[in-house]
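**Q** File start25.pdb below, PDB, C-alpha atoms:
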```pdb
MODEL        1
ATOM      1  CA  MET A   1      -3.711 138.835 124.246
ATOM      2  CA  SER A   2      -0.833 136.354 124.674
ATOM      3  CA  LYS A   3       1.426 138.759 122.743
ATOM      4  CA  GLN A   4       0.713 141.449 125.337
ATOM      5  CA  LEU A   5       1.740 139.107 128.166
ATOM      6  CA  HIS A   6       5.152 138.670 126.564
ATOM      7  CA  ASP A   7       5.731 142.342 125.755
ATOM      8  CA  ASN A   8       7.206 142.822 129.228
ATOM      9  CA  ILE A   9       8.497 140.616 132.006
ATOM     10  CA  CYS A  10       6.149 141.595 134.809
ATOM     11  CA  ALA A  11       4.523 138.178 134.786
ATOM     12  CA  GLU A  12       5.988 136.192 137.651
ATOM     13  CA  HIS A  13       6.650 133.058 135.630
ATOM     14  CA  ILE A  14       8.522 135.021 132.922
ATOM     15  CA  PHE A  15      10.595 136.917 135.477
ATOM     16  CA  SER A  16      11.299 133.679 137.353
ATOM     17  CA  SER A  17      12.492 131.939 134.201
ATOM     18  CA  ILE A  18      14.785 134.889 133.387
ATOM     19  CA  PHE A  19      16.165 134.734 136.913
ATOM     20  CA  LYS A  20      16.826 130.994 136.675
ATOM     21  CA  LYS A  21      18.390 131.365 133.243
ATOM     22  CA  HIS A  22      20.698 134.330 133.906
ATOM     23  CA  SER A  23      21.428 134.699 137.645
ATOM     24  CA  LYS A  24      24.306 132.218 137.801
ATOM     25  CA  ASP A  25      25.932 133.561 134.612
ATOM     26  CA  LEU A  26      25.544 137.128 135.836
ATOM     27  CA  HIS A  27      27.098 136.316 139.208
ATOM     28  CA  ASN A  28      30.008 134.501 137.546
ATOM     29  CA  PHE A  29      30.545 137.409 135.151
ATOM     30  CA  LEU A  30      30.750 139.885 138.039
ATOM     31  CA  HIS A  31      32.905 137.563 140.133
ATOM     32  CA  TYR A  32      35.444 136.981 137.357
ATOM     33  CA  LYS A  33      35.545 140.634 136.339
ATOM     34  CA  PHE A  34      35.658 142.262 139.786
ATOM     35  CA  GLY A  35      36.444 139.550 142.346
ATOM     36  CA  ASP A  36      34.703 138.905 145.667
ATOM     37  CA  LEU A  37      35.581 142.183 147.399
ATOM     38  CA  LEU A  38      32.762 144.164 145.801
ATOM     39  CA  ASN A  39      30.046 141.571 146.636
ATOM     40  CA  PRO A  40      28.991 140.198 143.248
ATOM     41  CA  LYS A  41      26.077 138.310 144.877
ATOM     42  CA  ASP A  42      24.615 141.565 146.164
ATOM     43  CA  LYS A  43      25.055 143.317 142.834
ATOM     44  CA  THR A  44      23.408 140.389 141.033
ATOM     45  CA  GLN A  45      20.395 140.714 143.335
ATOM     46  CA  GLU A  46      20.316 144.492 142.912
ATOM     47  CA  ALA A  47      20.334 144.106 139.117
ATOM     48  CA  PHE A  48      17.344 141.777 139.298
ATOM     49  CA  ILE A  49      15.565 144.226 141.614
ATOM     50  CA  LYS A  50      16.108 146.997 139.064
ATOM     51  CA  LEU A  51      14.859 144.665 136.337
ATOM     52  CA  TRP A  52      11.698 144.026 138.360
ATOM     53  CA  GLU A  53      11.204 147.729 139.024
ATOM     54  CA  ASN A  54      11.412 148.377 135.259
ATOM     55  CA  CYS A  55       9.635 145.187 134.165
ATOM     56  CA  SER A  56       6.912 146.998 132.242
ATOM     57  CA  LYS A  57       9.506 148.800 130.095
ATOM     58  CA  ILE A  58      11.732 145.830 129.234
ATOM     59  CA  SER A  59      10.955 143.038 126.834
ATOM     60  CA  PRO A  60      12.154 139.496 127.576
ATOM     61  CA  GLU A  61      14.603 139.734 124.653
ATOM     62  CA  LYS A  62      16.287 142.782 126.224
ATOM     63  CA  ALA A  63      16.335 141.442 129.806
ATOM     64  CA  LYS A  64      19.779 139.803 129.632
ATOM     65  CA  SER A  65      21.389 142.921 128.185
ATOM     66  CA  PHE A  66      19.674 145.085 130.793
ATOM     67  CA  LEU A  67      20.816 142.808 133.633
ATOM     68  CA  PHE A  68      24.468 142.635 132.580
ATOM     69  CA  THR A  69      24.695 146.363 131.879
ATOM     70  CA  THR A  70      23.001 147.282 135.153
ATOM     71  CA  ALA A  71      25.096 144.862 137.229
ATOM     72  CA  ASN A  72      28.313 146.042 135.579
ATOM     73  CA  ASN A  73      27.409 149.673 136.313
ATOM     74  CA  LEU A  74      26.555 148.795 139.927
ATOM     75  CA  MET A  75      29.976 147.179 140.348
ATOM     76  CA  LEU A  76      31.756 150.136 138.726
ATOM     77  CA  ASN A  77      29.893 152.508 141.048
ATOM     78  CA  GLU A  78      30.879 150.376 144.058
ATOM     79  CA  ALA A  79      34.529 150.339 142.927
ATOM     80  CA  ALA A  80      34.491 154.133 142.578
ATOM     81  CA  HIS A  81      32.898 154.418 146.020
ATOM     82  CA  GLN A  82      35.599 152.196 147.546
ATOM     83  CA  LYS A  83      38.293 154.416 146.013
ATOM     84  CA  VAL A  84      36.715 157.460 147.649
ATOM     85  CA  VAL A  85      36.508 155.632 150.987
ATOM     86  CA  LEU A  86      40.171 154.616 150.816
ATOM     87  CA  LYS A  87      41.232 158.124 149.826
ATOM     88  CA  HIS A  88      39.246 159.562 152.723
ATOM     89  CA  GLN A  89      40.780 157.071 155.171
ATOM     90  CA  LYS A  90      44.275 158.045 154.062
ATOM     91  CA  THR A  91      43.677 161.790 154.302
ATOM     92  CA  SER A  92      41.410 161.949 157.334
ATOM     93  CA  ASN A  93      43.853 160.440 159.788
ATOM     94  CA  PRO A  94      47.467 160.465 158.631
ATOM     95  CA  LYS A  95      48.652 159.278 162.058
ATOM     96  CA  MET A  96      48.086 155.660 162.789
ATOM     97  CA  SER A  97      45.441 155.374 165.456
ATOM     98  CA  THR A  98      45.375 152.630 168.012
ATOM     99  CA  ASN A  99      42.751 151.134 170.254
ATOM    100  CA  GLU A 100      45.139 150.955 173.195
ATOM    101  CA  SER A 101      44.545 153.086 176.215
ATOM    102  CA  PRO A 102      46.876 155.972 177.010
ATOM    103  CA  GLU A 103      48.061 154.016 180.057
ATOM    104  CA  PHE A 104      49.053 151.059 177.868
ATOM    105  CA  LEU A 105      50.857 153.325 175.418
ATOM    106  CA  MET A 106      52.748 154.996 178.285
ATOM    107  CA  ARG A 107      53.794 151.617 179.744
ATOM    108  CA  GLU A 108      54.843 150.406 176.328
ATOM    109  CA  LYS A 109      57.041 153.477 175.874
ATOM    110  CA  GLU A 110      58.568 153.016 179.330
ATOM    111  CA  TYR A 111      59.249 149.351 178.562
ATOM    112  CA  ASN A 112      60.889 150.216 175.237
ATOM    113  CA  ASP A 113      63.039 152.814 176.977
ATOM    114  CA  LYS A 114      64.127 150.212 179.555
ATOM    115  CA  LEU A 115      64.864 147.730 176.796
ATOM    116  CA  GLN A 116      67.003 150.193 174.874
ATOM    117  CA  LYS A 117      68.982 151.069 178.010
ATOM    118  CA  ALA A 118      69.435 147.395 178.834
ATOM    119  CA  LEU A 119      70.649 146.669 175.297
ATOM    120  CA  ALA A 120      73.074 149.578 175.571
ATOM    121  CA  ASN A 121      74.447 148.062 178.808
ATOM    122  CA  LEU A 122      75.378 144.792 177.074
ATOM    123  CA  THR A 123      78.935 144.300 175.961
ATOM    124  CA  GLU A 124      79.497 144.845 172.256
ATOM    125  CA  PRO A 125      80.031 141.113 171.498
ATOM    126  CA  GLN A 126      76.888 140.189 173.491
ATOM    127  CA  ARG A 127      74.770 142.861 171.783
ATOM    128  CA  VAL A 128      75.947 141.881 168.290
ATOM    129  CA  ALA A 129      75.321 138.159 168.823
ATOM    130  CA  PHE A 130      71.971 138.792 170.550
ATOM    131  CA  MET A 131      70.684 141.144 167.822
ATOM    132  CA  MET A 132      71.794 138.805 165.039
ATOM    133  CA  ASN A 133      69.932 135.960 166.714
ATOM    134  CA  ARG A 134      66.753 137.659 167.958
ATOM    135  CA  VAL A 135      66.276 140.469 165.455
ATOM    136  CA  GLU A 136      67.712 139.006 162.252
ATOM    137  CA  GLY A 137      66.711 135.437 163.106
ATOM    138  CA  LYS A 138      70.121 133.945 162.433
ATOM    139  CA  ARG A 139      71.067 130.590 163.945
ATOM    140  CA  PHE A 140      74.015 130.130 166.265
ATOM    141  CA  LYS A 141      76.020 128.401 163.521
ATOM    142  CA  GLU A 142      75.424 131.274 161.056
ATOM    143  CA  ILE A 143      76.459 133.846 163.653
ATOM    144  CA  ALA A 144      79.599 131.833 164.449
ATOM    145  CA  GLU A 145      80.570 131.800 160.772
ATOM    146  CA  ILE A 146      79.941 135.531 160.329
ATOM    147  CA  LEU A 147      81.805 136.539 163.498
ATOM    148  CA  GLU A 148      84.460 133.864 162.927
ATOM    149  CA  ILE A 149      84.065 132.393 166.412
ATOM    150  CA  SER A 150      82.935 129.018 167.710
ATOM    151  CA  THR A 151      79.277 128.086 168.150
ATOM    152  CA  LYS A 152      79.912 127.693 171.899
ATOM    153  CA  ALA A 153      81.178 131.290 172.030
ATOM    154  CA  VAL A 154      77.993 132.476 170.317
ATOM    155  CA  GLU A 155      75.859 130.506 172.788
ATOM    156  CA  LYS A 156      77.773 131.984 175.709
ATOM    157  CA  ARG A 157      77.362 135.543 174.389
ATOM    158  CA  ILE A 158      73.622 135.176 173.759
ATOM    159  CA  TYR A 159      72.909 133.468 177.087
ATOM    160  CA  GLY A 160      75.002 136.097 178.863
ATOM    161  CA  ALA A 161      73.015 138.811 177.081
ATOM    162  CA  LEU A 162      69.715 137.193 178.084
ATOM    163  CA  LYS A 163      70.809 136.899 181.709
ATOM    164  CA  LYS A 164      71.863 140.561 181.824
ATOM    165  CA  LEU A 165      68.652 141.685 180.121
ATOM    166  CA  ARG A 166      66.543 139.745 182.623
ATOM    167  CA  GLU A 167      68.364 141.466 185.464
ATOM    168  CA  ASP A 168      67.984 144.929 183.914
ATOM    169  CA  ILE A 169      64.366 144.453 182.867
ATOM    170  CA  LYS A 170      62.243 142.579 185.357
ATOM    171  CA  GLU A 171      59.333 142.280 182.878
ATOM    172  CA  LEU A 172      61.232 140.013 180.454
TER     173      LEU A 172
ENDMDL
END
```
Let's see the structure in the file written out as structure tokens.

**A**
Amino acid sequence: MSKQLHDNICAEHIFSSIFKKHSKDLHNFLHYKFGDLLNPKDKTQEAFIKLWENCSKISPEKAKSFLFTTANNLMLNEAAHQKVVLKHQKTSNPKMSTNESPEFLMREKEYNDKLQKALANLTEPQRVAFMMNRVEGKRFKEIAEILEISTKAVEKRIYGALKKLREDIKEL
């Protein structure tokens, strides 16, 4: 009769010992092979659930093989599912959607229009110095070297540009 008890893993103590022996190794295997994005903890648990559901068909000697094969297949299925989800996201809405209200989007467009007009109203030297500083992130000294002018001249151009922009755009 003891042989019949060990023919399958439906006995709680046998299943529990298999869980204790293989769960950590199984999780690590999935984590190293697939990373954290596909939830290796969940797939480890799902593999043990499937093992329990099929406990009468699986001998203790075959349990490890069953677990690793099942968990690997679960992860591969999840990876394939994620590919389908990503493909659907790309094709379903080619335009970038936003959570902003139409009013916000309209104000943003108006502000950008004002900004572009204000930048166009700057003198060429002011606009060049301002854009190099604020857009390209260059320091006053770098701008002075590139434009072959003094650092004080760069400061004057940028501060003049800021003053004019503040006048043209009240929101700045």

**Q** Using only C-alpha atoms, which residues of segment 61-114 of chain A come within 8 Å of segment 34-56 of chain A, and what is the closest atom pair for each, with the distance in Å to one decimal? Give it as JSON lines, sorted by chain and residue number.

**A**
```
{"residue": "A:Ala63", "atom": "CA", "partner": "A:Leu51", "partner_atom": "CA", "distance": 7.4}
{"residue": "A:Phe66", "atom": "CA", "partner": "A:Leu51", "partner_atom": "CA", "distance": 7.4}
{"residue": "A:Leu67", "atom": "CA", "partner": "A:Ala47", "partner_atom": "CA", "distance": 5.7}
{"residue": "A:Phe68", "atom": "CA", "partner": "A:Ala47", "partner_atom": "CA", "distance": 7.9}
{"residue": "A:Thr70", "atom": "CA", "partner": "A:Ala47", "partner_atom": "CA", "distance": 5.7}
{"residue": "A:Ala71", "atom": "CA", "partner": "A:Ala47", "partner_atom": "CA", "distance": 5.2}
{"residue": "A:Leu74", "atom": "CA", "partner": "A:Lys43", "partner_atom": "CA", "distance": 6.4}
{"residue": "A:Met75", "atom": "CA", "partner": "A:Lys43", "partner_atom": "CA", "distance": 6.7}
{"residue": "A:Glu78", "atom": "CA", "partner": "A:Leu38", "partner_atom": "CA", "distance": 6.7}
{"residue": "A:Ala79", "atom": "CA", "partner": "A:Leu38", "partner_atom": "CA", "distance": 7.0}
```

**Q** Go through A:Leu162, A:Asn72, A:Ile18, A:Asp168 and flag the residue nearest Lys33 of chain A, using all atoms listed in the file for the distances.

**A**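 Among A:Leu162, A:Asn72, A:Ile18, A:Asp168, it is A:Asn72 that comes nearest to Lys33 of chain A.
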
**Q** Provide an axis-aligned box for all listed atoms of segment 122-128 of chain A, padding each side by 4 Å; report its centre and its edge lengths in Å to one decimal, as AutoDock Vina command-line options.

**A**
```
--center_x 77.4 --center_y 142.5 --center_z 172.7 --size_x 13.3 --size_y 12.7 --size_z 16.8
```

**Q** Residues within 12 Å of segment 142-157 of chain A, please, as a ChimeraX atom specification. Count only C-alpha atoms; anything in the same chain fewer than 3 positions from it doesn't count.

**A** /A:122-134,136-139,160-164

**Q** I'd like to know which of A:Ile158, A:Val135, A:Asn77, A:Lys64 is closest to Lys21 of chain A, using only C-alpha atoms.

**A** A:Lys64

**Q** Between A:Val85, A:Leu105, A:Ala80, A:Leu165, which has the minimum distance to Ala118 of chain A (counting all atoms listed in the file)?

**A** A:Leu165

**Q** For the file shown, report as a list in words the outcome of the PyMOL selection byres ((chain A and resi 10) around 10) at residue level.

**A** Leu5, His6, Asp7, Asn8, Ile9, Ala11, Glu12, His13, Ile14, Phe15, Ser16, Leu51, Trp52, Glu53, Asn54, Cys55, Ser56, Lys57, Ile58, Ser59 and Pro60 of chain A

**Q** Mind writing the picked residues with C-alpha atoms as a PDB file, in the frame of the given file?

**A**
```pdb
ATOM      1  CA  LEU A   5       1.740 139.107 128.166  1.00  0.00           C
ATOM      2  CA  HIS A   6       5.152 138.670 126.564  1.00  0.00           C
ATOM      3  CA  ASP A   7       5.731 142.342 125.755  1.00  0.00           C
ATOM      4  CA  ASN A   8       7.206 142.822 129.228  1.00  0.00           C
ATOM      5  CA  ILE A   9       8.497 140.616 132.006  1.00  0.00           C
ATOM      6  CA  ALA A  11       4.523 138.178 134.786  1.00  0.00           C
ATOM      7  CA  GLU A  12       5.988 136.192 137.651  1.00  0.00           C
ATOM      8  CA  HIS A  13       6.650 133.058 135.630  1.00  0.00           C
ATOM      9  CA  ILE A  14       8.522 135.021 132.922  1.00  0.00           C
ATOM     10  CA  PHE A  15      10.595 136.917 135.477  1.00  0.00           C
ATOM     11  CA  SER A  16      11.299 133.679 137.353  1.00  0.00           C
ATOM     12  CA  LEU A  51      14.859 144.665 136.337  1.00  0.00           C
ATOM     13  CA  TRP A  52      11.698 144.026 138.360  1.00  0.00           C
ATOM     14  CA  GLU A  53      11.204 147.729 139.024  1.00  0.00           C
ATOM     15  CA  ASN A  54      11.412 148.377 135.259  1.00  0.00           C
ATOM     16  CA  CYS A  55       9.635 145.187 134.165  1.00  0.00           C
ATOM     17  CA  SER A  56       6.912 146.998 132.242  1.00  0.00           C
ATOM     18  CA  LYS A  57       9.506 148.800 130.095  1.00  0.00           C
ATOM     19  CA  ILE A  58      11.732 145.830 129.234  1.00  0.00           C
ATOM     20  CA  SER A  59      10.955 143.038 126.834  1.00  0.00           C
ATOM     21  CA  PRO A  60      12.154 139.496 127.576  1.00  0.00           C
TER      22      PRO A  60
END
```

**Q** May I ask for the distance between atom CA of Glu108 of chain A and atom CA of Thr91 of chain A, given in Å to one decimal place?

**A** 27.2 Å

**Q** Atom CA of Phe29 of chain A and atom CA of His81 of chain A, how far apart in Å?

**A**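 Those two atoms sit 20.3 Å apart.
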
**Q** Could you check how far atom CA of Leu86 of chain A sits from atom CA of His27 of chain A, in Å to one decimal?

**A** 25.3 Å

**Q** Under the rule that only C-alpha atoms are counted, which of A:Lys141, A:Asn121, A:His22, A:Met106 is the nearest residue to Ser65 of chain A?

**A**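 Closest to Ser65 of chain A of all the choices is A:His22.
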
**Q** Start from the incomplete input, build all heavy atoms for segment 67-78 of chain A, and deliver everything as a JSON list (two decimals), keeping the file's coordinate frame.

**A**
```json
[["chain", "number", "residue", "atom", "x", "y", "z"],
["A", 67, "LEU", "N", 20.22, 143.34, 132.40],
["A", 67, "LEU", "CA", 20.82, 142.81, 133.63],
["A", 67, "LEU", "C", 22.33, 142.98, 133.67],
["A", 67, "LEU", "O", 22.90, 143.45, 134.65],
["A", 67, "LEU", "CB", 20.47, 141.33, 133.79],
["A", 67, "LEU", "CG", 19.07, 141.00, 134.24],
["A", 67, "LEU", "CD1", 18.79, 139.51, 134.08],
["A", 67, "LEU", "CD2", 18.87, 141.42, 135.69],
["A", 68, "PHE", "N", 23.01, 142.58, 132.60],
["A", 68, "PHE", "CA", 24.47, 142.64, 132.58],
["A", 68, "PHE", "C", 24.97, 144.08, 132.60],
["A", 68, "PHE", "O", 25.93, 144.39, 133.30],
["A", 68, "PHE", "CB", 25.01, 141.87, 131.37],
["A", 68, "PHE", "CG", 25.11, 140.39, 131.62],
["A", 68, "PHE", "CD1", 23.98, 139.59, 131.63],
["A", 68, "PHE", "CD2", 26.33, 139.79, 131.86],
["A", 68, "PHE", "CE1", 24.06, 138.23, 131.88],
["A", 68, "PHE", "CE2", 26.43, 138.43, 132.11],
["A", 68, "PHE", "CZ", 25.29, 137.64, 132.11],
["A", 69, "THR", "N", 24.30, 144.95, 131.88],
["A", 69, "THR", "CA", 24.70, 146.36, 131.88],
["A", 69, "THR", "C", 24.47, 146.98, 133.26],
["A", 69, "THR", "O", 25.35, 147.68, 133.79],
["A", 69, "THR", "CB", 23.90, 147.15, 130.82],
["A", 69, "THR", "OG1", 24.11, 146.55, 129.54],
["A", 69, "THR", "CG2", 24.32, 148.61, 130.78],
["A", 70, "THR", "N", 23.32, 146.73, 133.83],
["A", 70, "THR", "CA", 23.00, 147.28, 135.15],
["A", 70, "THR", "C", 23.97, 146.76, 136.21],
["A", 70, "THR", "O", 24.51, 147.54, 137.01],
["A", 70, "THR", "CB", 21.55, 146.93, 135.54],
["A", 70, "THR", "OG1", 20.67, 147.45, 134.55],
["A", 70, "THR", "CG2", 21.20, 147.50, 136.89],
["A", 71, "ALA", "N", 24.20, 145.44, 136.22],
["A", 71, "ALA", "CA", 25.10, 144.86, 137.23],
["A", 71, "ALA", "C", 26.52, 145.38, 137.06],
["A", 71, "ALA", "O", 27.19, 145.69, 138.05],
["A", 71, "ALA", "CB", 25.08, 143.34, 137.13],
["A", 72, "ASN", "N", 26.97, 145.51, 135.82],
["A", 72, "ASN", "CA", 28.31, 146.04, 135.58],
["A", 72, "ASN", "C", 28.41, 147.47, 136.10],
["A", 72, "ASN", "O", 29.40, 147.84, 136.75],
["A", 72, "ASN", "CB", 28.63, 145.98, 134.08],
["A", 72, "ASN", "CG", 30.09, 146.26, 133.81],
["A", 72, "ASN", "OD1", 30.98, 145.62, 134.35],
["A", 72, "ASN", "ND2", 30.34, 147.23, 132.96],
["A", 73, "ASN", "N", 27.41, 148.29, 135.83],
["A", 73, "ASN", "CA", 27.41, 149.67, 136.31],
["A", 73, "ASN", "C", 27.37, 149.73, 137.84],
["A", 73, "ASN", "O", 28.03, 150.59, 138.45],
["A", 73, "ASN", "CB", 26.24, 150.45, 135.71],
["A", 73, "ASN", "CG", 26.44, 150.73, 134.24],
["A", 73, "ASN", "OD1", 27.56, 150.70, 133.74],
["A", 73, "ASN", "ND2", 25.35, 150.99, 133.53],
["A", 74, "LEU", "N", 26.60, 148.84, 138.46],
["A", 74, "LEU", "CA", 26.56, 148.79, 139.93],
["A", 74, "LEU", "C", 27.95, 148.49, 140.49],
["A", 74, "LEU", "O", 28.37, 149.09, 141.48],
["A", 74, "LEU", "CB", 25.54, 147.76, 140.41],
["A", 74, "LEU", "CG", 24.07, 148.10, 140.23],
["A", 74, "LEU", "CD1", 23.19, 146.87, 140.45],
["A", 74, "LEU", "CD2", 23.67, 149.22, 141.18],
["A", 75, "MET", "N", 28.63, 147.54, 139.88],
["A", 75, "MET", "CA", 29.98, 147.18, 140.35],
["A", 75, "MET", "C", 30.95, 148.34, 140.14],
["A", 75, "MET", "O", 31.79, 148.62, 141.01],
["A", 75, "MET", "CB", 30.48, 145.93, 139.62],
["A", 75, "MET", "CG", 29.76, 144.66, 140.02],
["A", 75, "MET", "SD", 29.95, 144.20, 141.74],
["A", 75, "MET", "CE", 31.36, 143.14, 141.63],
["A", 76, "LEU", "N", 30.87, 148.99, 138.99],
["A", 76, "LEU", "CA", 31.76, 150.14, 138.73],
["A", 76, "LEU", "C", 31.49, 151.26, 139.73],
["A", 76, "LEU", "O", 32.44, 151.89, 140.22],
["A", 76, "LEU", "CB", 31.57, 150.64, 137.30],
["A", 76, "LEU", "CG", 32.07, 149.70, 136.20],
["A", 76, "LEU", "CD1", 31.65, 150.22, 134.82],
["A", 76, "LEU", "CD2", 33.58, 149.53, 136.28],
["A", 77, "ASN", "N", 30.23, 151.49, 140.05],
["A", 77, "ASN", "CA", 29.89, 152.51, 141.05],
["A", 77, "ASN", "C", 30.45, 152.13, 142.42],
["A", 77, "ASN", "O", 30.96, 152.98, 143.15],
["A", 77, "ASN", "CB", 28.38, 152.71, 141.14],
["A", 77, "ASN", "CG", 27.81, 153.39, 139.92],
["A", 77, "ASN", "OD1", 28.55, 153.99, 139.14],
["A", 77, "ASN", "ND2", 26.51, 153.26, 139.74],
["A", 78, "GLU", "N", 30.34, 150.85, 142.77],
["A", 78, "GLU", "CA", 30.88, 150.38, 144.06],
["A", 78, "GLU", "C", 32.39, 150.52, 144.10],
["A", 78, "GLU", "O", 32.96, 150.92, 145.11],
["A", 78, "GLU", "CB", 30.47, 148.92, 144.29],
["A", 78, "GLU", "CG", 30.94, 148.35, 145.61],
["A", 78, "GLU", "CD", 30.27, 148.97, 146.83],
["A", 78, "GLU", "OE1", 29.19, 149.55, 146.71],
["A", 78, "GLU", "OE2", 30.86, 148.88, 147.93]]
```
